Amino acid sequence: MLFEPAKPLSAATRLCAVFGAPIRHSASPAMHNAAMAHLGLDWCYVGCEVAPERLREAIEGARHMGFAGLNLTVPHKLLAVPLMDALDASAIAWGAVNTVVFEAEDADGLWQPVGRLREIRGAVRAKGHNTDADAIIRALNEDLAIQPRSARVLLLGAGGAGRAAALRLADEGASELWLVNRTESKAEELAAEIGERFPAVDVRAGYPPEGTDIEIVLNATSLGLKPGDVLPLDLSRFPLTRADGVYDMVYRPAETPLLRTAKAAGCRTANGLGMLLYQGAAALELWTGLPAPIEVMREALGREIYGERR
């Protein structure tokens, strides 16, 4: 069996956390604690409900309490950008932060992740990274066997996850991008940015014209997370019979109303568990400097979401 029980907590236990609102749906603690136990680390990963207006204070608290790092989920990925002391190239490129690495200077005066230092001396800074963008490309390839290059994509949501996904898909060479967001102006702003940065991509705000076939419908909103949520797209504007694959970043419930509707329409479907796995593995490697035990993390997610080994 791949899963190993966690070590008892000690006074030296290093902490990591995921901040979000809501947070109780998160499977990140199950995934990371299994990985940390497998690696033999005296580390613990927790989930914390943090209101958007308290995000600055929460990050500062984690910094001063010696946390090794943080993950950020809805609605914090855009809010965190100006709160960072430094940004990795990934956060700059994709315009959102989902992983925070706390760093301190080593004996040579070089900034290093505090999780890799025996002791913390002097100031600690928060450095923002984005591990979402590459994770969604990998998940689309593995879970739906879809290559974004030259694909036509309908992306739902222009928040932190949606922004990173849209920019990464454009960078990957998607041929056409349609961006739908509750606040239309946000979709228009993102479309304008993509058009400037990636002129080869045909990008527009709104739904595709009637009769247009799509390779990927990607839900980057939180709709589907709560019972009774409406679908994140208007079926009268775009029927799912025109889509090949539907990927929903929501992973709890494992089958959202969007995915049930897409299956009924004959689409290939996948939830966001693959994206969660790969963004989490990349974050763990940033904090620890150790290779992430992917299969251990995958099994832990299967147990958490499906209640069985997968």
# chains A, B, ... in the order shown; residues from 1 in each chain; ligands from 1
call {"tool": "select_by_dssp", "arguments": {"residues": "range 176-214 of chain A", "states": "helix (DSSP H, G or I)", "output": "VMD selection string"}}
result
chain A and resid 184 to 197
call {"tool": "residues_around", "arguments": {"residues": "range 12-28 of chain A", "least_positions_apart": "4", "cutoff": "7 Å", "atoms": "only C-alpha atoms", "output": "PyMOL selection string"}}
result
chain A and resi 32+42-51+67-76+252+301+304
call {"tool": "write_last_selection", "arguments": {"atoms": "C-alpha atoms", "output": "tab-separated table (two decimals), in the first residue's frame"}}
result
chain	number	residue	atom	x	y	z
A	32	HIS	CA	-0.03	16.72	1.01
A	42	ASP	CA	8.04	16.27	10.24
A	43	TRP	CA	5.59	18.50	8.38
A	44	CYS	CA	1.83	19.09	8.57
A	45	TYR	CA	-0.56	20.65	6.04
A	46	VAL	CA	-3.85	22.23	7.10
A	47	GLY	CA	-6.79	24.01	5.50
A	48	CYS	CA	-7.74	27.49	6.72
A	49	GLU	CA	-10.88	29.47	5.97
A	50	VAL	CA	-9.64	32.98	5.17
A	51	ALA	CA	-11.98	35.76	4.09
A	67	PHE	CA	5.21	28.37	7.81
A	68	ALA	CA	7.13	26.80	4.93
A	69	GLY	CA	4.51	27.72	2.35
A	70	LEU	CA	0.92	28.18	1.32
A	71	ASN	CA	-1.48	27.22	-1.39
A	72	LEU	CA	-4.20	29.70	-2.35
A	73	THR	CA	-7.57	28.81	-3.79
A	74	VAL	CA	-10.80	30.69	-4.54
A	75	PRO	CA	-10.98	33.68	-4.23
A	76	HIS	CA	-7.36	34.55	-3.40
A	252	ARG	CA	-15.85	17.83	-5.19
A	301	LEU	CA	-6.81	11.94	-3.56
A	304	GLU	CA	-10.47	11.34	-0.23
call {"tool": "atom_distance", "arguments": {"atom1": "CA of Met84 in chain A", "atom2": "CA of Ala123 in chain A"}}
result
14.0 Å
call {"tool": "residues_around", "arguments": {"residues": "Pro239 in chain A", "least_positions_apart": "3", "cutoff": "12 Å", "atoms": "only C-alpha atoms", "output": "list of chain:residue names"}}
result
A:Leu154, A:Tyr207, A:Pro208, A:Pro209, A:Glu210, A:Gly211, A:Thr212, A:Asp213, A:Ile214, A:Val217, A:Leu233, A:Asp234, A:Leu235, A:Ser236, A:Arg242, A:Ala243, A:Asp244, A:Val246, A:Leu258, A:Thr261, A:Ala262, A:Ala264, A:Ala265, A:Gly266, A:Cys267
call {"tool": "closest_residue", "arguments": {"among": "A:Arg197, A:Arg54, A:Arg63, A:Lys226", "to": "Ile120 in chain A", "atoms": "only C-alpha atoms"}}
result
A:Arg63
call {"tool": "residues_around", "arguments": {"residues": "Asn271 in chain A", "least_positions_apart": "5", "cutoff": "6 Å", "atoms": "only C-alpha atoms", "output": "mmCIF file with C-alpha atoms, in the first residue's frame"}}
result
data_model
loop_
_atom_site.group_PDB
_atom_site.id
_atom_site.type_symbol
_atom_site.label_atom_id
_atom_site.label_comp_id
_atom_site.auth_asym_id
_atom_site.auth_seq_id
_atom_site.Cartn_x
_atom_site.Cartn_y
_atom_site.Cartn_z
ATOM 1 C CA TYR A 247 -13.004 19.693 -18.079
ATOM 2 C CA ASP A 248 -14.334 21.000 -14.765
ATOM 3 C CA MET A 249 -11.776 22.352 -12.301
ATOM 4 C CA TYR A 251 -13.463 18.078 -8.129
#
call {"tool": "closest_residue", "arguments": {"among": "A:Asp106, A:Asp229, A:Glu215, A:Asp143", "to": "Val124 in chain A", "atoms": "only C-alpha atoms"}}
result
A:Asp106
call {"tool": "closest_residue", "arguments": {"among": "A:Pro293, A:Pro232, A:Pro148, A:Pro8", "to": "Ala35 in chain A", "atoms": "only C-alpha atoms"}}
result
A:Pro293
call {"tool": "closest_residue", "arguments": {"among": "A:Glu105, A:Ile137, A:Gly128, A:Trp94", "to": "Leu190 in chain A", "atoms": "only C-alpha atoms"}}
result
A:Trp94
call {"tool": "closest_residue", "arguments": {"among": "A:Gln279, A:Thr269, A:Ser222, A:Ser175", "to": "Val250 in chain A", "atoms": "only C-alpha atoms"}}
result
A:Ser222
call {"tool": "decode", "arguments": {"residues": "range 76-87 of chain A", "atoms": "N, CA and C atoms", "output": "mmCIF file, in the first residue's frame"}}
result
data_model
loop_
_atom_site.group_PDB
_atom_site.id
_atom_site.type_symbol
_atom_site.label_atom_id
_atom_site.label_comp_id
_atom_site.auth_asym_id
_atom_site.auth_seq_id
_atom_site.Cartn_x
_atom_site.Cartn_y
_atom_site.Cartn_z
ATOM 1 N N HIS A 76 -8.569 33.819 -3.786
ATOM 2 C CA HIS A 76 -7.363 34.551 -3.401
ATOM 3 C C HIS A 76 -6.263 34.679 -4.466
ATOM 4 N N LYS A 77 -6.387 34.002 -5.596
ATOM 5 C CA LYS A 77 -5.248 33.887 -6.505
ATOM 6 C C LYS A 77 -4.851 35.207 -7.161
ATOM 7 N N LEU A 78 -5.815 36.065 -7.425
ATOM 8 C CA LEU A 78 -5.501 37.396 -7.951
ATOM 9 C C LEU A 78 -5.198 38.373 -6.818
ATOM 10 N N LEU A 79 -5.932 38.240 -5.721
ATOM 11 C CA LEU A 79 -5.738 39.146 -4.583
ATOM 12 C C LEU A 79 -4.330 39.057 -4.014
ATOM 13 N N ALA A 80 -3.715 37.887 -4.119
ATOM 14 C CA ALA A 80 -2.403 37.677 -3.502
ATOM 15 C C ALA A 80 -1.258 38.336 -4.269
ATOM 16 N N VAL A 81 -1.453 38.609 -5.543
ATOM 17 C CA VAL A 81 -0.335 39.098 -6.360
ATOM 18 C C VAL A 81 0.328 40.340 -5.761
ATOM 19 N N PRO A 82 -0.421 41.402 -5.429
ATOM 20 C CA PRO A 82 0.239 42.594 -4.875
ATOM 21 C C PRO A 82 0.705 42.412 -3.426
ATOM 22 N N LEU A 83 0.352 41.297 -2.788
ATOM 23 C CA LEU A 83 0.754 41.064 -1.402
ATOM 24 C C LEU A 83 2.100 40.357 -1.300
ATOM 25 N N MET A 84 2.640 39.913 -2.415
ATOM 26 C CA MET A 84 3.903 39.187 -2.408
ATOM 27 C C MET A 84 5.095 40.151 -2.363
ATOM 28 N N ASP A 85 6.180 39.700 -1.737
ATOM 29 C CA ASP A 85 7.427 40.462 -1.749
ATOM 30 C C ASP A 85 8.190 40.240 -3.038
ATOM 31 N N ALA A 86 7.968 39.090 -3.660
ATOM 32 C CA ALA A 86 8.626 38.758 -4.923
ATOM 33 C C ALA A 86 7.724 37.813 -5.688
ATOM 34 N N LEU A 87 7.872 37.806 -7.007
ATOM 35 C CA LEU A 87 7.081 36.927 -7.865
ATOM 36 C C LEU A 87 8.013 36.086 -8.723
#
